[in-house]
Each structure stands twice: as structure tokens, then as C-alpha cells.
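**Q** If it helps, the file is called structure.cif and holds mmCIF, C-alpha atoms and all ligand atoms:
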```cif
data_protein
#
loop_
_atom_site.group_PDB
_atom_site.id
_atom_site.type_symbol
_atom_site.label_atom_id
_atom_site.label_comp_id
_atom_site.auth_asym_id
_atom_site.auth_seq_id
_atom_site.Cartn_x
_atom_site.Cartn_y
_atom_site.Cartn_z
ATOM 1 C CA ASP A 1 9.191 -3.011 18.985
ATOM 2 C CA VAL A 2 5.593 -1.912 19.410
ATOM 3 C CA PRO A 3 3.425 -4.924 20.326
ATOM 4 C CA VAL A 4 0.371 -5.841 18.265
ATOM 5 C CA ILE A 5 -2.489 -8.149 19.186
ATOM 6 C CA CYS A 6 -4.188 -9.420 16.032
ATOM 7 C CA ILE A 7 -7.853 -10.388 16.111
ATOM 8 C CA ASP A 8 -8.874 -12.048 12.843
ATOM 9 C CA GLY A 9 -11.982 -13.977 11.968
ATOM 10 C CA PRO A 10 -15.195 -14.120 9.946
ATOM 11 C CA THR A 11 -17.937 -11.522 9.883
ATOM 12 C CA ALA A 12 -19.987 -10.873 13.024
ATOM 13 C CA SER A 13 -17.743 -13.065 15.178
ATOM 14 C CA GLY A 14 -17.367 -10.218 17.678
ATOM 15 C CA LYS A 15 -13.903 -9.039 16.646
ATOM 16 C CA GLY A 16 -14.727 -5.351 16.953
ATOM 17 C CA THR A 17 -16.143 -5.629 20.466
ATOM 18 C CA LEU A 18 -13.290 -7.830 21.631
ATOM 19 C CA ALA A 19 -10.682 -5.505 20.072
ATOM 20 C CA ASP A 20 -12.213 -2.419 21.706
ATOM 21 C CA GLU A 21 -12.386 -4.050 25.142
ATOM 22 C CA LEU A 22 -8.811 -5.321 24.942
ATOM 23 C CA ALA A 23 -7.536 -1.932 23.826
ATOM 24 C CA GLN A 24 -9.354 -0.309 26.706
ATOM 25 C CA ALA A 25 -7.956 -2.806 29.223
ATOM 26 C CA LEU A 26 -4.382 -2.432 27.953
ATOM 27 C CA GLY A 27 -4.432 1.236 26.954
ATOM 28 C CA PHE A 28 -3.640 0.269 23.352
ATOM 29 C CA TRP A 29 -4.706 1.815 20.038
ATOM 30 C CA VAL A 30 -7.236 0.052 17.818
ATOM 31 C CA LEU A 31 -7.204 -0.556 14.093
ATOM 32 C CA ASP A 32 -10.574 -1.492 12.574
ATOM 33 C CA SER A 33 -9.138 -2.564 9.230
ATOM 34 C CA GLY A 34 -12.587 -3.471 7.892
ATOM 35 C CA ALA A 35 -13.443 0.249 7.998
ATOM 36 C CA LEU A 36 -10.706 0.864 5.404
ATOM 37 C CA TYR A 37 -12.259 -1.649 2.998
ATOM 38 C CA ARG A 38 -15.742 -0.339 3.772
ATOM 39 C CA ALA A 39 -14.611 3.253 3.139
ATOM 40 C CA THR A 40 -13.048 2.205 -0.154
ATOM 41 C CA ALA A 41 -16.289 0.505 -1.218
ATOM 42 C CA TRP A 42 -18.323 3.499 -0.095
ATOM 43 C CA ALA A 43 -16.130 5.984 -1.981
ATOM 44 C CA ALA A 44 -16.234 3.780 -5.091
ATOM 45 C CA LEU A 45 -20.033 3.522 -4.928
ATOM 46 C CA GLN A 46 -20.311 7.297 -4.488
ATOM 47 C CA ALA A 47 -18.108 7.766 -7.542
ATOM 48 C CA GLY A 48 -20.304 5.374 -9.522
ATOM 49 C CA LEU A 49 -17.447 2.914 -10.090
ATOM 50 C CA ASP A 50 -17.788 -0.783 -10.816
ATOM 51 C CA LEU A 51 -16.528 -2.436 -7.605
ATOM 52 C CA ASN A 52 -14.646 -5.037 -9.628
ATOM 53 C CA ASP A 53 -12.740 -2.437 -11.638
ATOM 54 C CA GLU A 54 -9.337 -2.823 -10.014
ATOM 55 C CA ALA A 55 -7.621 -0.056 -12.015
ATOM 56 C CA ALA A 56 -10.298 2.460 -11.002
ATOM 57 C CA VAL A 57 -10.829 1.417 -7.366
ATOM 58 C CA ALA A 58 -7.191 0.979 -6.262
ATOM 59 C CA PRO A 59 -6.257 4.677 -6.725
ATOM 60 C CA LEU A 60 -9.231 5.579 -4.518
ATOM 61 C CA ALA A 61 -7.948 3.249 -1.785
ATOM 62 C CA ALA A 62 -4.477 4.763 -2.089
ATOM 63 C CA THR A 63 -5.735 8.299 -1.462
ATOM 64 C CA LEU A 64 -8.583 7.737 1.025
ATOM 65 C CA PRO A 65 -8.949 10.916 3.139
ATOM 66 C CA LEU A 66 -9.906 8.713 6.109
ATOM 67 C CA ARG A 67 -9.835 9.903 9.704
ATOM 68 C CA PHE A 68 -10.912 8.235 12.971
ATOM 69 C CA ALA A 69 -11.879 10.646 15.743
ATOM 70 C CA GLY A 70 -14.000 10.269 18.876
ATOM 71 C CA GLY A 71 -15.384 6.900 17.810
ATOM 72 C CA GLN A 72 -16.487 8.377 14.473
ATOM 73 C CA VAL A 73 -15.143 7.774 10.982
ATOM 74 C CA TYR A 74 -14.688 10.686 8.570
ATOM 75 C CA LEU A 75 -14.038 10.633 4.856
ATOM 76 C CA GLY A 76 -12.864 14.127 4.089
ATOM 77 C CA GLU A 77 -15.313 16.359 5.944
ATOM 78 C CA GLU A 78 -18.120 13.807 5.856
ATOM 79 C CA ASN A 79 -19.046 11.684 8.877
ATOM 80 C CA VAL A 80 -19.502 8.236 7.299
ATOM 81 C CA THR A 81 -19.774 6.193 10.524
ATOM 82 C CA GLU A 82 -23.356 5.076 9.915
ATOM 83 C CA ALA A 83 -22.997 4.830 6.139
ATOM 84 C CA LEU A 84 -20.103 2.391 6.478
ATOM 85 C CA ARG A 85 -22.075 0.056 8.732
ATOM 86 C CA GLN A 86 -24.709 -0.710 6.107
ATOM 87 C CA GLU A 87 -24.860 -4.353 5.042
ATOM 88 C CA ALA A 88 -24.578 -3.340 1.381
ATOM 89 C CA VAL A 89 -21.324 -1.546 2.162
ATOM 90 C CA GLY A 90 -20.036 -4.643 3.999
ATOM 91 C CA LEU A 91 -20.777 -6.755 0.930
ATOM 92 C CA GLY A 92 -19.160 -4.118 -1.295
ATOM 93 C CA ALA A 93 -16.148 -4.136 1.021
ATOM 94 C CA SER A 94 -15.672 -7.857 0.492
ATOM 95 C CA THR A 95 -15.785 -7.271 -3.283
ATOM 96 C CA VAL A 96 -13.090 -4.571 -3.299
ATOM 97 C CA ALA A 97 -11.113 -6.534 -0.675
ATOM 98 C CA ALA A 98 -10.584 -9.304 -3.234
ATOM 99 C CA LEU A 99 -8.652 -6.924 -5.524
ATOM 100 C CA PRO A 100 -4.882 -7.327 -4.911
ATOM 101 C CA ALA A 101 -4.136 -3.699 -5.870
ATOM 102 C CA VAL A 102 -6.623 -2.467 -3.251
ATOM 103 C CA ARG A 103 -5.024 -4.612 -0.532
ATOM 104 C CA GLN A 104 -1.623 -3.340 -1.627
ATOM 105 C CA ALA A 105 -2.819 0.278 -1.498
ATOM 106 C CA LEU A 106 -4.132 -0.137 2.057
ATOM 107 C CA HIS A 107 -1.080 -1.987 3.391
ATOM 108 C CA ALA A 108 1.074 1.019 4.373
ATOM 109 C CA LEU A 109 -1.921 2.853 5.805
ATOM 110 C CA GLN A 110 -2.510 -0.053 8.210
ATOM 111 C CA LEU A 111 1.138 -0.248 9.302
ATOM 112 C CA GLY A 112 0.855 3.410 10.327
ATOM 113 C CA PHE A 113 -1.535 2.480 13.146
ATOM 114 C CA ARG A 114 1.233 0.647 15.015
ATOM 115 C CA ARG A 115 2.085 3.177 17.693
ATOM 116 C CA VAL A 116 3.279 3.035 21.307
ATOM 117 C CA PRO A 117 2.266 1.622 23.685
ATOM 118 C CA GLY A 118 0.630 -0.994 21.414
ATOM 119 C CA LEU A 119 -2.104 -1.848 18.949
ATOM 120 C CA VAL A 120 -5.067 -4.191 18.782
ATOM 121 C CA ALA A 121 -5.748 -4.863 15.086
ATOM 122 C CA ASP A 122 -9.092 -6.282 13.956
ATOM 123 C CA GLY A 123 -9.524 -7.829 10.515
ATOM 124 C CA ARG A 124 -9.068 -10.840 8.256
ATOM 125 C CA ASP A 125 -5.331 -10.833 7.553
ATOM 126 C CA MET A 126 -3.807 -8.913 10.465
ATOM 127 C CA GLY A 127 -1.829 -11.958 11.607
ATOM 128 C CA THR A 128 -1.126 -13.463 8.187
ATOM 129 C CA ALA A 129 -0.232 -10.427 6.047
ATOM 130 C CA ILE A 130 -0.084 -7.081 7.850
ATOM 131 C CA PHE A 131 1.548 -7.814 11.230
ATOM 132 C CA PRO A 132 3.119 -11.277 10.769
ATOM 133 C CA ASP A 133 5.557 -10.551 13.621
ATOM 134 C CA ALA A 134 2.780 -9.825 16.153
ATOM 135 C CA PRO A 135 3.409 -11.574 19.483
ATOM 136 C CA LEU A 136 -0.250 -12.585 19.910
ATOM 137 C CA LYS A 137 -2.660 -13.619 17.163
ATOM 138 C CA VAL A 138 -6.196 -14.683 17.880
ATOM 139 C CA PHE A 139 -8.531 -16.262 15.344
ATOM 140 C CA LEU A 140 -12.043 -15.635 16.581
ATOM 141 C CA THR A 141 -14.933 -17.780 15.392
ATOM 142 C CA ALA A 142 -18.517 -18.537 16.288
ATOM 143 C CA SER A 143 -21.132 -20.693 14.590
ATOM 144 C CA ALA A 144 -22.837 -19.120 11.571
ATOM 145 C CA ALA A 145 -26.180 -19.307 13.384
ATOM 146 C CA GLN A 146 -24.782 -17.402 16.359
ATOM 147 C CA ARG A 147 -23.208 -14.799 14.146
ATOM 148 C CA ALA A 148 -26.436 -14.244 12.194
ATOM 149 C CA GLN A 149 -28.248 -13.798 15.481
ATOM 150 C CA ARG A 150 -25.716 -11.260 16.734
ATOM 151 C CA ARG A 151 -25.870 -9.267 13.522
ATOM 152 C CA HIS A 152 -29.683 -9.372 13.758
ATOM 153 C CA LYS A 153 -29.597 -7.994 17.304
ATOM 154 C CA GLN A 154 -27.245 -5.198 16.241
ATOM 155 C CA LEU A 155 -29.561 -4.179 13.418
ATOM 156 C CA ILE A 156 -32.695 -4.307 15.563
ATOM 157 C CA PHE A 157 -30.899 -2.183 18.135
ATOM 158 C CA LYS A 158 -30.274 0.389 15.408
ATOM 159 C CA GLY A 159 -33.924 0.246 14.368
ATOM 160 C CA VAL A 160 -33.189 -1.487 11.059
ATOM 161 C CA SER A 161 -35.461 -4.368 10.144
ATOM 162 C CA ALA A 162 -33.813 -7.558 8.951
ATOM 163 C CA ASN A 163 -34.581 -11.246 8.828
ATOM 164 C CA ILE A 164 -32.238 -13.880 10.230
ATOM 165 C CA GLU A 165 -32.394 -16.183 7.186
ATOM 166 C CA GLY A 166 -31.353 -13.341 4.885
ATOM 167 C CA LEU A 167 -28.531 -12.322 7.226
ATOM 168 C CA LEU A 168 -27.328 -15.916 7.493
ATOM 169 C CA ALA A 169 -27.239 -16.241 3.694
ATOM 170 C CA ASP A 170 -25.375 -12.923 3.368
ATOM 171 C CA LEU A 171 -22.778 -13.753 5.943
ATOM 172 C CA GLU A 172 -22.134 -17.196 4.514
ATOM 173 C CA ALA A 173 -21.705 -15.670 1.032
ATOM 174 C CA ARG A 174 -19.297 -13.079 2.400
ATOM 175 C CA ASP A 175 -17.272 -15.663 4.366
ATOM 176 C CA LEU A 176 -16.992 -17.825 1.269
ATOM 177 C CA ARG A 177 -15.730 -14.883 -0.782
ATOM 178 C CA ASP A 178 -13.253 -13.896 1.963
ATOM 179 C CA LYS A 179 -11.938 -17.472 2.316
ATOM 180 C CA THR A 180 -11.595 -18.304 -1.350
ATOM 181 C CA ARG A 181 -10.037 -15.115 -2.749
ATOM 182 C CA SER A 182 -6.425 -15.413 -3.850
ATOM 183 C CA ALA A 183 -5.163 -12.233 -2.134
ATOM 184 C CA SER A 184 -4.783 -12.705 1.652
ATOM 185 C CA PRO A 185 -7.658 -15.148 2.098
ATOM 186 C CA LEU A 186 -9.329 -15.354 5.499
ATOM 187 C CA LYS A 187 -7.543 -18.095 7.452
ATOM 188 C CA PRO A 188 -5.828 -18.437 10.822
ATOM 189 C CA ALA A 189 -2.119 -17.592 10.937
ATOM 190 C CA GLN A 190 0.015 -20.651 11.638
ATOM 191 C CA ASP A 191 0.757 -19.394 15.135
ATOM 192 C CA ALA A 192 -2.770 -18.116 15.888
ATOM 193 C CA ARG A 193 -4.725 -19.167 18.968
ATOM 194 C CA LEU A 194 -8.238 -20.265 18.069
ATOM 195 C CA LEU A 195 -11.091 -18.884 20.132
ATOM 196 C CA ASP A 196 -14.652 -20.054 19.485
ATOM 197 C CA ASN A 197 -16.890 -17.657 21.377
ATOM 198 C CA SER A 198 -20.249 -19.228 20.401
ATOM 199 C CA ASP A 199 -20.956 -19.980 24.061
ATOM 200 C CA LEU A 200 -18.800 -17.347 25.741
ATOM 201 C CA THR A 201 -19.772 -13.977 27.146
ATOM 202 C CA ILE A 202 -17.820 -10.961 25.928
ATOM 203 C CA GLU A 203 -16.178 -10.728 29.325
ATOM 204 C CA ALA A 204 -15.031 -14.357 29.204
ATOM 205 C CA SER A 205 -13.542 -13.842 25.723
ATOM 206 C CA VAL A 206 -11.709 -10.714 26.880
ATOM 207 C CA ASP A 207 -10.378 -12.541 29.950
ATOM 208 C CA GLN A 208 -9.128 -15.428 27.814
ATOM 209 C CA VAL A 209 -7.165 -13.135 25.504
ATOM 210 C CA LEU A 210 -5.787 -11.120 28.427
ATOM 211 C CA ALA A 211 -4.612 -14.382 29.987
ATOM 212 C CA TRP A 212 -2.852 -15.344 26.729
ATOM 213 C CA TRP A 213 -1.336 -11.869 26.622
ATOM 214 C CA ALA A 214 -0.039 -12.164 30.185
ATOM 215 C CA ASP A 215 1.504 -15.562 29.303
ATOM 216 C CA GLN A 216 3.064 -14.101 26.250
ATOM 217 C CA ARG A 217 4.954 -11.288 27.898
ATOM 218 C CA PRO A 218 8.645 -11.888 28.387
ATOM 219 C CA PHE A 219 8.625 -10.058 31.736
HETATM 220 O O1 LIG B 1 -18.008 -6.163 10.622
HETATM 221 P P1 LIG B 1 -17.750 -7.252 9.660
HETATM 222 O O2 LIG B 1 -16.896 -8.337 10.207
HETATM 223 O O3 LIG B 1 -18.955 -7.743 8.982
HETATM 224 O O4 LIG B 1 -16.958 -6.612 8.456
HETATM 225 P P2 LIG B 1 -15.600 -5.824 8.457
HETATM 226 O O5 LIG B 1 -14.632 -6.385 9.419
HETATM 227 O O6 LIG B 1 -15.900 -4.376 8.532
HETATM 228 O O7 LIG B 1 -15.051 -6.162 6.989
HETATM 229 C C1 LIG B 1 -15.806 -5.956 5.821
HETATM 230 C C2 LIG B 1 -15.153 -6.730 4.679
HETATM 231 O O8 LIG B 1 -13.864 -6.169 4.428
HETATM 232 C C3 LIG B 1 -14.886 -8.200 4.965
HETATM 233 O O9 LIG B 1 -15.938 -9.042 4.556
HETATM 234 C C4 LIG B 1 -13.621 -8.508 4.168
HETATM 235 O O10 LIG B 1 -13.924 -8.910 2.860
HETATM 236 C C5 LIG B 1 -12.922 -7.185 4.084
HETATM 237 N N1 LIG B 1 -11.750 -7.119 4.963
HETATM 238 C C6 LIG B 1 -10.569 -7.669 4.522
HETATM 239 O O11 LIG B 1 -10.527 -8.247 3.459
HETATM 240 N N2 LIG B 1 -9.445 -7.575 5.268
HETATM 241 C C7 LIG B 1 -9.467 -6.961 6.458
HETATM 242 N N3 LIG B 1 -8.338 -6.872 7.150
HETATM 243 C C8 LIG B 1 -10.668 -6.430 6.954
HETATM 244 C C9 LIG B 1 -11.811 -6.523 6.188
#
```
What would the structure in this file look like if it were written as C-alpha cells?
**A**
Amino acid sequence: DVPVICIDGPTASGKGTLADELAQALGFWVLDSGALYRATAWAALQAGLDLNDEAAVAPLAATLPLRFAGGQVYLGEENVTEALRQEAVGLGASTVAALPAVRQALHALQLGFRRVPGLVADGRDMGTAIFPDAPLKVFLTASAAQRAQRRHKQLIFKGVSANIEGLLADLEARDLRDKTRSASPLKPAQDARLLDNSDLTIEASVDQVLAWWADQRPF
């Protein structure tokens, strides 16, 4: 039974950073499930598809030539790491993520990341739909204002200009879409531990989850 730690939560709550740090500390693999939805949106946009066209987009998701290597994401031969991080692709991802056939197509792909010695899975439905038997599920939140500020910092760091009000509006729109869709809506699993990191450092968040993990272990 390969253990999985699920980190679910809204956009820009720090899931990716937390997942990477935990994986590093425990020597586990990481699944950035958002990258799968982003890659699907990116491939659909490249193909000129309507992102709401379930019958056209789902086959793309089912055959994504996606590869993670050395911290980079490849689609076929193309390095799409930067392309996938664009805000427009994030918004597109939340559109295709609402299509049940797309979620279905990506399900098996995600299960394949569960490998020894363990996995840290970052997403929206890791604990509720993909790894319901995971021994530790964390639902990570932070205030919308904090999250907009973090996303702003990330963009500035990359040399992209952005304004906080616009980012706040975008992330609230995306959260609303993620929470209200019928297929695997964003919500904490029944047995999830809630972690609000609005006022926590990354290190403190990592320590909290490692403490829960240590508690969790049967030996
Ligand atoms: O980095 P950020 O949190 O903004 O986005 P992400 O985790 O890369 O996810 C992008 C979008 O994909 C989200 O807004 C969700 O709509 C969707 N998604 C999902 O539905 N289920 C997942 N397990 C992961 C992402």
C-alpha cells in the first residue's frame, strides 16, 4: 500500500510549494495534477478547439503526450513549462476541468503517479476523488487577499506585470467555478485536516503537515 499525502485547496494557496517541500523531506514523488488540466487546456487552445467542447477536448486529455523531467514539463518534444504557467492557461484549465469526460480521461493517468516509497499529490480533488484511501489529506487555504498577493509576487518575480485587483478578481472567479462545478467540485474531503496558512511561513506549514504525518504512521 503506497502512501499518499493529498494537498487540496484553492488557487495560489501554496499547494505546489508545500507539496514540493514535503516530497523533498520524505523522499516522495510529487503529482502536480493541475499541470494535467493546464496541459489539456494548452493543447486544446493550440488545436483551436472550443474549451467547452467536451467531445473534442476529452480525447486530447486521454492521449496527452505529457512528461515531467528535471522540474520541466514536456508535451511531446515541446517544453511547455512556462506556457502552462500563464494565467490564461490557468483559467482555461478550470474550464476544461469542469468537463466530466476530461476528468474521467485524466483519472488513470493520475493513479499512475502512485509509486514507492510514496506520493504527495497536489490538486482540487486528490482526497475526494483520486486517492480517497490516502492516509493523510490536507485542505490548504489562505485568504483571497493573501493569495492574490502571492500570485502577484510570483508574476513580478517572473518579470510579468500584473495588478492585484485583476488577480483577485480572476482567482475569485476561478475558485467559484471550481467550487460550483458538478464533477469533483473543490471541497475538503470529510477526513481532511484544514490548514489556513494566511499567517504561516512555508516552513511552519511544512512542519505542521510533517507532524500530522508522524502522528498518522502506524509505527
Ligand atoms: O496553480 P493554481 O492553483 O492556480 O492552478 P492549478 O493547480 O495548476 O490548477 C489549474 C486549474 O485546474 C484549477 O483552477 C482547477 O480548475 C483545475 N484542477 C482541477 O480541477 N483538479 C485538479 N486536481 C487540479 C486542477
**Q** Please identify every polymer residue within 9 Å of ligand LIG 1 (chain B), using all atoms listed in the file, and present the set as a PyMOL selection string.
**A** chain A and resi 8-16+32-38+84-85+87+89-98+103+121-126+129-130+151+171+174-175+177-179+183-186
**Q** Restricting the calculation to only C-alpha atoms, which member of A:Ala105, A:Leu119, A:Leu176, A:Ala69 is positioned closest to Leu26 of chain A?
**A**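 Checking each candidate against Leu26 of chain A, we get A:Leu119 as the closest.
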**Q** Distance cut-off 10 Å, centre (-13.5, 11.5, 3.0) in file coordinates, counting all atoms listed in the file: which residues qualify? Return them as a PDB file with C-alpha atoms, in the frame of the given file.
**A**
```
ATOM      1  CA  ALA A  39     -14.611   3.253   3.139  1.00  0.00           C
ATOM      2  CA  THR A  40     -13.048   2.205  -0.154  1.00  0.00           C
ATOM      3  CA  TRP A  42     -18.323   3.499  -0.095  1.00  0.00           C
ATOM      4  CA  ALA A  43     -16.130   5.984  -1.981  1.00  0.00           C
ATOM      5  CA  THR A  63      -5.735   8.299  -1.462  1.00  0.00           C
ATOM      6  CA  LEU A  64      -8.583   7.737   1.025  1.00  0.00           C
ATOM      7  CA  PRO A  65      -8.949  10.916   3.139  1.00  0.00           C
ATOM      8  CA  LEU A  66      -9.906   8.713   6.109  1.00  0.00           C
ATOM      9  CA  ARG A  67      -9.835   9.903   9.704  1.00  0.00           C
ATOM     10  CA  VAL A  73     -15.143   7.774  10.982  1.00  0.00           C
ATOM     11  CA  TYR A  74     -14.688  10.686   8.570  1.00  0.00           C
ATOM     12  CA  LEU A  75     -14.038  10.633   4.856  1.00  0.00           C
ATOM     13  CA  GLY A  76     -12.864  14.127   4.089  1.00  0.00           C
ATOM     14  CA  GLU A  77     -15.313  16.359   5.944  1.00  0.00           C
ATOM     15  CA  GLU A  78     -18.120  13.807   5.856  1.00  0.00           C
ATOM     16  CA  ASN A  79     -19.046  11.684   8.877  1.00  0.00           C
ATOM     17  CA  VAL A  80     -19.502   8.236   7.299  1.00  0.00           C
TER      18      VAL A  80
END
```
**Q** So which residues fall inside 12 Å of (1.3, -16.0, 25.1) if we count only C-alpha atoms? Mind giving them as a ChimeraX atom specification?
**A** /A:5,134-138,191-193,208-219
**Q** Within 8 Å of His152 of chain A, counting all atoms listed in the file, which residues show up once you throw out same-chain ones fewer than 2 positions away? Write them as a list in words, please.
**A**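 Those residues are Ala148, Gln149, Arg150, Gln154, Leu155, Ile156, Ala162, Asn163, Ile164 and Leu167 of chain A.
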**Q** Let me make sure I understand: among A:Asp53, A:Val30, A:Ala145, A:Gly166, which one has the smallest atom-to-atom distance to Gly112 of chain A if we use all atoms listed in the file?
**A**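 Looking at the shortest contact to Gly112 of chain A, the residue is A:Val30.
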**Q** Restricting the calculation to all atoms listed in the file, which member of A:Leu195, A:Ala58, A:Leu18, A:Val2 is positioned closest to Leu99 of chain A?
**A** A:Ala58
**Q** Name the closest residue to Ser198 of chain A among the candidates A:Val160, A:Ala173, A:Ala25, A:Ala144; distances are taken between atoms, counting all atoms listed in the file.
**A**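 Checking each of A:Val160, A:Ala173, A:Ala25, A:Ala144 against Ser198 of chain A, counting all atoms listed in the file, the winner is A:Ala144.
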**Q** Nearest to Gln110 of chain A among A:Ala62, A:Ala189, A:Leu200, A:Val206, with distances taken over only C-alpha atoms: which residue is it?
**A** A:Ala62
**Q** Work out how far apart atom CA of Cys6 of chain A and atom CA of Arg147 of chain A are and give it in Å to one decimal.
**A** 19.9 Å
**Q** Interatomic distance between atom CA of Thr81 of chain A and atom CA of Ala61 of chain A?
**A**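 Spanning atom CA of Thr81 of chain A to atom CA of Ala61 of chain A is a straight-line distance of 17.3 Å.
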**Q** Report the distance between atom CA of Ala169 of chain A and atom CA of Glu82 of chain A in Å, rounded to one decimal place.
**A**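 Taking atom CA of Ala169 of chain A and atom CA of Glu82 of chain A, their separation equals 22.5 Å.
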**Q** Excluding same-chain residues fewer than 4 positions from Asp199 of chain A, what lies within 10 Å of it counting only C-alpha atoms, as a short mmCIF file (atom, residue, chain, number, x, y, z; two decimals) with C-alpha atoms, in the frame of the given file?
**A**
```cif
data_model
loop_
_atom_site.label_atom_id
_atom_site.label_comp_id
_atom_site.auth_asym_id
_atom_site.auth_seq_id
_atom_site.Cartn_x
_atom_site.Cartn_y
_atom_site.Cartn_z
CA ALA A 142 -18.52 -18.54 16.29
CA SER A 143 -21.13 -20.69 14.59
CA GLN A 146 -24.78 -17.40 16.36
CA ALA A 204 -15.03 -14.36 29.20
CA SER A 205 -13.54 -13.84 25.72
#
```
**Q** Could you check the closest approach to Gln24 of chain A for each of A:Gln72, A:Leu51, A:Gly118, A:His107 and tell me which residue wins, using only C-alpha atoms?
**A**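 Between A:Gln72, A:Leu51, A:Gly118, A:His107, the residue approaching Gln24 of chain A most closely is A:Gly118.
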**Q** For segment 54-73 of chain A, what centre and edge lengths in Å (one decimal) does the axis-aligned box get once 3 Å is added on each side of all its listed atoms, as lines of an AutoDock Vina configuration file?
**A**
```
center_x = -10.5
center_y = 4.0
center_z = 3.4
size_x = 18.0
size_y = 19.7
size_z = 36.9
```
